[in-house]
Every structure is written in C-alpha cells, then in structure tokens.
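> I have a structure here, written as structure tokens, and I will follow up with some questions on it.
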Amino acid sequence: MTDLMDRQDALERSAPTVVIDRNAPRPLLTQSRRALGGLRRDDLLTMGGAAVSAVCTALLLFGRVAPAAGAFGFALVAYGLFVITYALLVWLRDERPAVVDKVMAVLLGSAAVVAFVALFSVIFFTLWRGRAALGYANLYYRDMSEALPTDPLSAGGIGHAILGTLIMISLAIVLTVPLGLTCAVFLNETGSRAAGIVRTIVDAMTALPSILAGLFIFATWILILGFERSGLAAAISISIMMLPIIIRSADVVLRLVPGNLREASAALGAPQWRSVRHVVLPTARSGLATAVILGVARGLGETAPILLTAGFTATYNTNPLNGPMVSLPLATFDFVQSPQPALIARGFATGAVLMVVVLVLFAIARFIGGRPAGSVSKRQARRLAARSARDVQRFDERPMEAS
Amino acid sequence: MSMTMVYAAPAADLPAPTPRQLAAPAGVGDKIFTRVTLLTGLIVLGVMAAVGLFLSIEASQALRSTGTSFLTTSEWFPDRNQFGIAAVLTGTVAIAVVAVGIALPLSMGTALFITQVAPPKLRSTLVSLVDLMAAVPSVLYGLWGLFFFQGQVIGVSRWISTWFSWIPLFRVTGAEPGSPLSNQTVFTASAFIAGVVVSLMVMPIQCSIMREVFSQVPIGEREGAYALGATRWGMIRIVALPFGRGGIIGGTMLGLGRALGETIAVLLIISPRFDINFHILEAGGNSVSTLIALRYKEATGFGLSALMAAGLALFALTLVVNFTASAFVARSRSGASSEA
C-alpha cells in the first residue's frame, strides 16, 4: 500500500504542469495506420514460388499421369499442384487456421479468375475467328443473295441480318417497353389486389424456356392464324421473352424508390398519377433505363424463338409484315453449320458484330444506370437546383392575395 | 383548473365532432391512371396465361393418345404414335446437372470473392463483368464451345474415362484406353461438353443472386466474428454461409431452371440420339428444347402437338424449379433485413 502511495507521489511530483496552448500546432502522430487486408510481399513471393514449382512439376508429371490430355488438362494439373504447393509453403510458417484461410482465399479468387478467363476467351475467340471477314467493308452492307457458299469473303455480307435485327428489336421495344413499364407501375403503385396474381404469373413466365415462346407463336400466329413467317412474328416471340424480364427488373427498381417521397408528394396534394409521373418515375429513371437496356440485350441475343418464327432469307427484307427475315444470331447459327470455311468465317464475324452491339448496349446501361434510385449526378443536381430556383422566383413574383 | 373549465365549456355546446373524411374523391386523372394500369396488368396477365393455357390445350391431344407411356418411351415417332420424353428429359436433366455442378462452385467462389475478399475498389468492376457474362448471347457461347472448347476438353474427357470408367457415369463405349490417338469422335458432342458450356451461361445468374445475399450479411455479426478472433475464412464459414444459405439454394435452382431450357448452345454442340444415356462423356445426347428446334419443321398437326407436350413437360419442370427457388429465397433469413 505504501509503495503504491509512493509511486503515486512520485508520479505527481514528476508530472510536469501541462498548459494547453490551443494555438500551438498539434504534435504529429508517429503511428501510421495498420493495413488490415491486402497482400504483403511475403504472400506474393509464396504464391509466385508455388506457381513456378507447380508448373515445373506438372511439366515433369504430365506425360505419365495424364497422357495426351491437352493444354486444358495441363492447366488443370498445374492448378491442382499449385494449390497443394501453396498450402505446404504456408503450412511451414503458419498455424492451421491461417493455412486454411489463405488456401481458401486462393480458391475463391481462382473461381473468379476461371469465370473471367472464360468470359474473355469467349469474347476474344469470336473476334479472332471473325477478324478476316470483319475487315471487308462489304460485310456490313451487302446481303447473301448473290454470294455462293464457296465465294470468298469479298462477296456477300450480312447487311440483311443487321437490318433484320434492327427491325425486330425496334418492334419488340415498341411492344414491350410501354407495356412492361406500365405493368411495373401497376404492380408497385396502385396497390391493386390483382397485383399479386400478375406478379406470380410474371415470375412464372421468366422460367419459360425461350424455345417455347417461339413454338407458341409458330403454332398460333403461323399455323392457326395462317400468317407467314415474318419479322413481326419473330418480334412478338422475342417480346414474350423480354416482357417478364423487363417487368421483373423494373419492379425491383421501383420498389427501391423511398416511400417518403411518395408520401411527401401526396402531402403536397398531388394526385397519384402526378406523383408517379413527376416523383416516382424520375427518381427511378436510371434504374428503369438499365432494366430496359438489359432486357433489350437479352432480346437481341435470342436465337431459339427466331429460329422458329422468322424463317430464313439471304436477301434484304424491309417489310416486317411480309416475307421471311433474318437476324444476327440466327445468321450466325446458320453460317457456322455450313462446312465452307468462308461461311464459318462469316458466321464468326456475324457473331462478333452481334457481340459488339450487345457490349455497347451494356456499356450504355452501366453508364446511365448503376446508381441507386434517387441519387443524381452533379449535372442533374445542378439542373434540379436551377429549376427550383426558378420556382422560388416564380412564387415571389406572383401577386400576393389580400388576406 | 378553472381555466380549463372556461375553455372546455363552449366546446360542449358544439355538435359532437365527426372524424374527417380522409380519402379524397379520385380525380379524373387518377381514375384514368388506375384504369390504364389495371388494364395493362390484365393484358400482361392475359398474354402470359394464354401461352401456358395454349401449350396445355395443344399438348392434351398428344397426351391423350399416348397416356402414361409418354413418360416411359424414349423414341420419337409421332406418326407411328410411338413417342415419349424418357430419353430427352433425362438428357436435359443430365446436361443441366453437369452445368449446375460446374457452375455452383464457380459462382459461389466468385460471389464470396467479390463480397468478402476482393478490395472494395475492384468490386464494382467485377460485378459489371459478371453481369456482362449474363448479357453475352448464348449463340456465342455455343460457337466457343463447338469450335474452341471441345478441342481442348477432349483430352480431359479421355483422361476421366480412362481412369474412372469403373464408375458407370464415366464409362464410354468404344473408347480404347490403349491407343491415345484413335477415335477422338467418341468423346465429342457429349452431354459433358454441352453441360460445361451451359454452365458458363448459368454461372452469372447464380452468382448475382448469391452476391446480393452475401452483401447483406449483417455487419455486426461479421465484425463480431472477427472480434472473436476468426480468420476471414472462419467468418465466411460461420457467418456468411449460414446467412446466405437461402440465397445459395435459390440461386442454384434459378440457374438450374435456366440450364434446363437452354436451346441454341446445346443444339450446336450435341449430336441428337434417342435413348436413355447416362454416360455423360459419350458422344450424343438430347434435350427437350433441342428436340423441338430439330423437329418443328417437319411436324404435322399431331407431331406439333407431341412437341408441345414435350415442351409442356419441360415448362412444368422449370416452373417447379423456379418456384421452389423463390420460396427458398423468400423464406430464408437472407431476404430479411438484419436487426443487428
């Protein structure tokens, strides 16, 4: 006890009187922020070492364990060896939980790597095999009516398929976008009792295999009603595919609009249609645009329903009501089934054109969408501020009524 | 006290206050709005229900004439009244199971990597890439599978069949393990290859649902696990995975539904055959949608009805799978916001 008192005493005596000077510069912190995650040099070296060792061992083993298994098999074997070597290296220094943690992090990361390598391999393989045909300008505006299957790439083209895709997708957009968005508003805003049933049915229809949408139109429109195969029939069959996709994603987006915005609008005396028109839809604009664009991208790539409903033609057809029409995916599918190398090259080029269109649409969707409902860009915020400033001015200039 | 009395007294003379009418009469604009949206909803309902009803009505003719043998016959000769979906449906299921078996670890790993492991700066890019995978048209996956991937994977097929042919699933009739260069063709156009290609299409759907769920893991529980000394994988195992179980099951089944209905990629890769074949590495296989795409052209009225019946069976299967999936997603804790 006494020595504790002594120490206290000593502390008090030794403690200098601190006068806090508020204007003095604060002392710099000597501690730096500790990095909690991320890779250290040590981790990178371990991983690199494991990778090199795995590749070498795989080269050594490959002839024996996996005879003639090709490059893909080699990659598989090397990967397995890499994981084992890496686990061993980490185990030399770390406890068991840390080993498991590091090995699992590598496994999770490699799942992502495999998926993205596959994606880029699909994209680049299509562009690579199509590169010969993509260089010819005639590909983009000629059709195949005068080109024989054996003709070189300088003859013929896929202009008719590009035009057909444009016509079909425009018709499908005209059919689905107003219907889809209004239906999403119906599901979210009206509180109707029918909304539950409609939502269930729409959910069910997202499960409809695309070929059945084509078969449905083929059996009704073409066989029973007796119309011929045409761009319109194809557009209707894609619309049946696109409609549930658009409704579902627009429904999700509208659900994210904060309820207090609706209430504020109602409290200001706006009728419901005005709050939907001026509050709910503008708030969700970017999300709705994304929903529509992704639906359109999906519709563009649909092949199966078009196969049954559009027919096939080698010439330009601008009339969607009359005569067969062809689209980019259908042309791709048709070209690559031929044994002629020139036609296969054209098929890949067609696929590449289709892919570029989809990629561009996707980039646009990311550019305007990708923000949560209600958040605005700087320019939009400035425009909104300017508008409300104008409103304030308008109110100020209004003649005051005598009370 | 008396003050209150003074104020209260005149109020007693007034008629008893009635509650104010809160609902205003709907204006013309609102009436139109309600009617139009309701009409749109009903149109969508009508169109969607018409597809389902029409398929069932058309299919009933074929179903009546075959009865239960529709489920047990593997041949497809509608003109001889001898047809069934035993082969095509098992083929469809085989391809879908291979696809989901490959896509499940990939999508789960990717979803966990994006939400828990990857640096936050990278996250939105990775999410965009997964969405891009979903947007790539299926015909391009088919092209890639047919012209590129098949050549790469045959070696692996051969290796599996050489070492594991004692498992009936991996047996390949006609393969000679001794001669490495003979008959490549017994391994091409198999359900396995089609399944791998379909798995790439299925993976982004599964991944986006799982990512959504994993990103909602309550931060309190996450940090709690770390505070108790869990490693990152320990946290994933005891917090993220149990929390996301509903999303994992639901996402997997949604992917399964998509895999069951895939047409063009399978049509490009597989060579159709009409017998029940569980040897997934062996050349040839079939699926319902491939059958429809191949046979609709020469189908007569009755043949078309038979195709509709096959399509209806497929639709029923995907419907069951999808609704089970949404039930799992809705009932799990994953969907609810956390109270922590």
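Residues in the structure tokens are named by chain (A, B, ... in the order shown) and by number from 1 within that chain; ligands are numbered from 1 in the order shown.
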Using only C-alpha atoms, select each residue of chain A with any atom at most 7 Å away from an atom of chain B, and give the selection as a PyMOL selection string.
chain A and resi 66+68-73+98+101+104+108-109+111-112+115+119+122+125+179+182-183+186+190+198+201+204-205+207-209+211-212+216+271-273+297-298+301-304+329+333+351+355
> For a quick check of understanding, using only C-alpha atoms, which of A:Ala195, A:Ala219, A:Glu189, A:Leu321 has the smallest distance to Arg274 (chain A)?
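Once distances to Arg274 (chain A) are computed over only C-alpha atoms, the minimum belongs to A:Glu189.
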> What lies within 12 Å of Val279 (chain A) using only C-alpha atoms, ignoring chain neighbours under 2 positions off, as a PyMOL selection string?
chain A and resi 189+254+257-266+268+270-277+281-285+373-374
> Select, from B:Thr92, B:Leu71, B:Pro272, B:Arg222, the residue with the minimum atom-to-atom distance to Leu241 (chain B), counting only C-alpha atoms.
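Of all the options, B:Arg222 lies closest to Leu241 (chain B).
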> Which neighbours of region 78-86 of chain B fall inside 7 Å, counting only C-alpha atoms, when residues of the same chain fewer than 5 positions from it are skipped, and could you give them as a list in words?
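The contact residues come out as Ser69, Phe70, Leu71, Thr72, Thr73, Ile276, Gly303, Ala306 and Ala310 of chain B.
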> As number ranges by chain, please: all residues of region 46-82 of chain B that backbone DSSP puts in helix (DSSP H, G or I).
B: 46-66, 69-72, 78-80
> May I have the selected residues written with N, CA, C and O atoms, as a compact mmCIF listing (two decimals), in the first residue's frame?

# COMPACT_ATOMS: atom_id res chain seq x y z
N GLY B 46 -53.05 -11.72 -69.22
CA GLY B 46 -53.72 -12.47 -70.28
C GLY B 46 -52.73 -13.12 -71.23
O GLY B 46 -52.84 -14.31 -71.54
N VAL B 47 -51.75 -12.32 -71.68
CA VAL B 47 -50.78 -12.86 -72.64
C VAL B 47 -50.02 -14.04 -72.04
O VAL B 47 -49.90 -15.10 -72.65
N MET B 48 -49.56 -13.82 -70.79
CA MET B 48 -48.75 -14.85 -70.16
C MET B 48 -49.57 -16.11 -69.90
O MET B 48 -49.12 -17.23 -70.14
N ALA B 49 -50.81 -15.92 -69.42
CA ALA B 49 -51.65 -17.08 -69.16
C ALA B 49 -52.00 -17.77 -70.47
O ALA B 49 -52.10 -19.01 -70.52
N ALA B 50 -52.17 -16.98 -71.55
CA ALA B 50 -52.52 -17.58 -72.84
C ALA B 50 -51.44 -18.54 -73.31
O ALA B 50 -51.75 -19.62 -73.82
N VAL B 51 -50.17 -18.16 -73.10
CA VAL B 51 -49.09 -19.05 -73.53
C VAL B 51 -49.20 -20.39 -72.81
O VAL B 51 -49.20 -21.46 -73.43
N GLY B 52 -49.35 -20.32 -71.48
CA GLY B 52 -49.42 -21.55 -70.70
C GLY B 52 -50.64 -22.38 -71.07
O GLY B 52 -50.54 -23.60 -71.32
N LEU B 53 -51.80 -21.71 -71.18
CA LEU B 53 -53.04 -22.43 -71.48
C LEU B 53 -52.98 -23.06 -72.86
O LEU B 53 -53.32 -24.23 -73.05
N PHE B 54 -52.50 -22.27 -73.82
CA PHE B 54 -52.44 -22.76 -75.19
C PHE B 54 -51.56 -24.00 -75.28
O PHE B 54 -51.92 -25.00 -75.90
N LEU B 55 -50.40 -23.93 -74.62
CA LEU B 55 -49.50 -25.08 -74.64
C LEU B 55 -50.20 -26.31 -74.07
O LEU B 55 -50.13 -27.40 -74.64
N SER B 56 -50.92 -26.13 -72.94
CA SER B 56 -51.56 -27.31 -72.34
C SER B 56 -52.67 -27.85 -73.22
O SER B 56 -52.83 -29.06 -73.35
N ILE B 57 -53.46 -26.93 -73.83
CA ILE B 57 -54.57 -27.41 -74.66
C ILE B 57 -54.04 -28.17 -75.87
O ILE B 57 -54.49 -29.27 -76.20
N GLU B 58 -53.03 -27.56 -76.52
CA GLU B 58 -52.47 -28.21 -77.71
C GLU B 58 -51.83 -29.54 -77.36
O GLU B 58 -51.89 -30.51 -78.10
N ALA B 59 -51.17 -29.56 -76.19
CA ALA B 59 -50.45 -30.77 -75.81
C ALA B 59 -51.40 -31.90 -75.45
O ALA B 59 -51.07 -33.08 -75.58
N SER B 60 -52.62 -31.54 -75.02
CA SER B 60 -53.51 -32.57 -74.48
C SER B 60 -53.85 -33.64 -75.52
O SER B 60 -54.00 -34.81 -75.18
N GLN B 61 -53.91 -33.23 -76.80
CA GLN B 61 -54.23 -34.21 -77.84
C GLN B 61 -53.20 -35.33 -77.86
O GLN B 61 -53.55 -36.52 -77.85
N ALA B 62 -51.93 -34.95 -77.85
CA ALA B 62 -50.87 -35.95 -77.88
C ALA B 62 -50.86 -36.76 -76.59
O ALA B 62 -50.68 -37.98 -76.61
N LEU B 63 -51.07 -36.06 -75.47
CA LEU B 63 -51.01 -36.75 -74.18
C LEU B 63 -52.13 -37.78 -74.06
O LEU B 63 -51.93 -38.87 -73.53
N ARG B 64 -53.32 -37.42 -74.59
CA ARG B 64 -54.44 -38.36 -74.51
C ARG B 64 -54.15 -39.63 -75.29
O ARG B 64 -54.50 -40.71 -74.89
N SER B 65 -53.50 -39.46 -76.44
CA SER B 65 -53.32 -40.63 -77.30
C SER B 65 -52.22 -41.55 -76.79
O SER B 65 -52.23 -42.73 -77.10
N THR B 66 -51.28 -41.04 -76.01
CA THR B 66 -50.24 -41.94 -75.52
C THR B 66 -50.45 -42.35 -74.07
O THR B 66 -50.04 -43.43 -73.68
N SER B 69 -47.47 -43.80 -71.26
CA SER B 69 -46.28 -44.24 -71.99
C SER B 69 -45.49 -43.05 -72.51
O SER B 69 -44.34 -43.19 -72.91
N PHE B 70 -46.10 -41.86 -72.46
CA PHE B 70 -45.38 -40.65 -72.84
C PHE B 70 -44.16 -40.43 -71.96
O PHE B 70 -43.14 -39.91 -72.41
N LEU B 71 -44.28 -40.86 -70.73
CA LEU B 71 -43.18 -40.65 -69.80
C LEU B 71 -42.12 -41.74 -69.90
O LEU B 71 -41.00 -41.55 -69.43
N THR B 72 -42.48 -42.89 -70.46
CA THR B 72 -41.55 -44.03 -70.42
C THR B 72 -40.95 -44.37 -71.77
O THR B 72 -39.99 -45.13 -71.84
N PRO B 78 -43.89 -39.65 -83.77
CA PRO B 78 -45.29 -39.26 -83.55
C PRO B 78 -46.22 -39.85 -84.60
O PRO B 78 -47.38 -40.15 -84.32
N ASP B 79 -45.70 -40.07 -85.83
CA ASP B 79 -46.57 -40.58 -86.89
C ASP B 79 -46.99 -42.02 -86.61
O ASP B 79 -48.05 -42.46 -87.03
N ARG B 80 -46.14 -42.75 -85.91
CA ARG B 80 -46.50 -44.13 -85.56
C ARG B 80 -47.08 -44.20 -84.16
O ARG B 80 -47.21 -45.28 -83.60
> Between CA of Gly311 (chain A) and CA of Pro324 (chain A), what is the distance, to one decimal in Å?
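Taking CA of Gly311 (chain A) as the start and CA of Pro324 (chain A) as the end point, the length is 4.8 Å.
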> Do you have the CA of Phe348 (chain A)-CA of Gly130 (chain A) distance handy?
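Separation of CA of Phe348 (chain A) and CA of Gly130 (chain A): 4.5 Å.
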> Between B:Ser165, B:Thr300, B:Pro19, B:Glu75, which residue has the minimum interatomic distance to Val88 (chain B), considering only C-alpha atoms?
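Closest candidate: B:Glu75.
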> Measure the distance from CA of Val198 (chain B) to CA of Ala94 (chain B) in Å and round it to one decimal.
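Those two atoms sit 11.6 Å apart.
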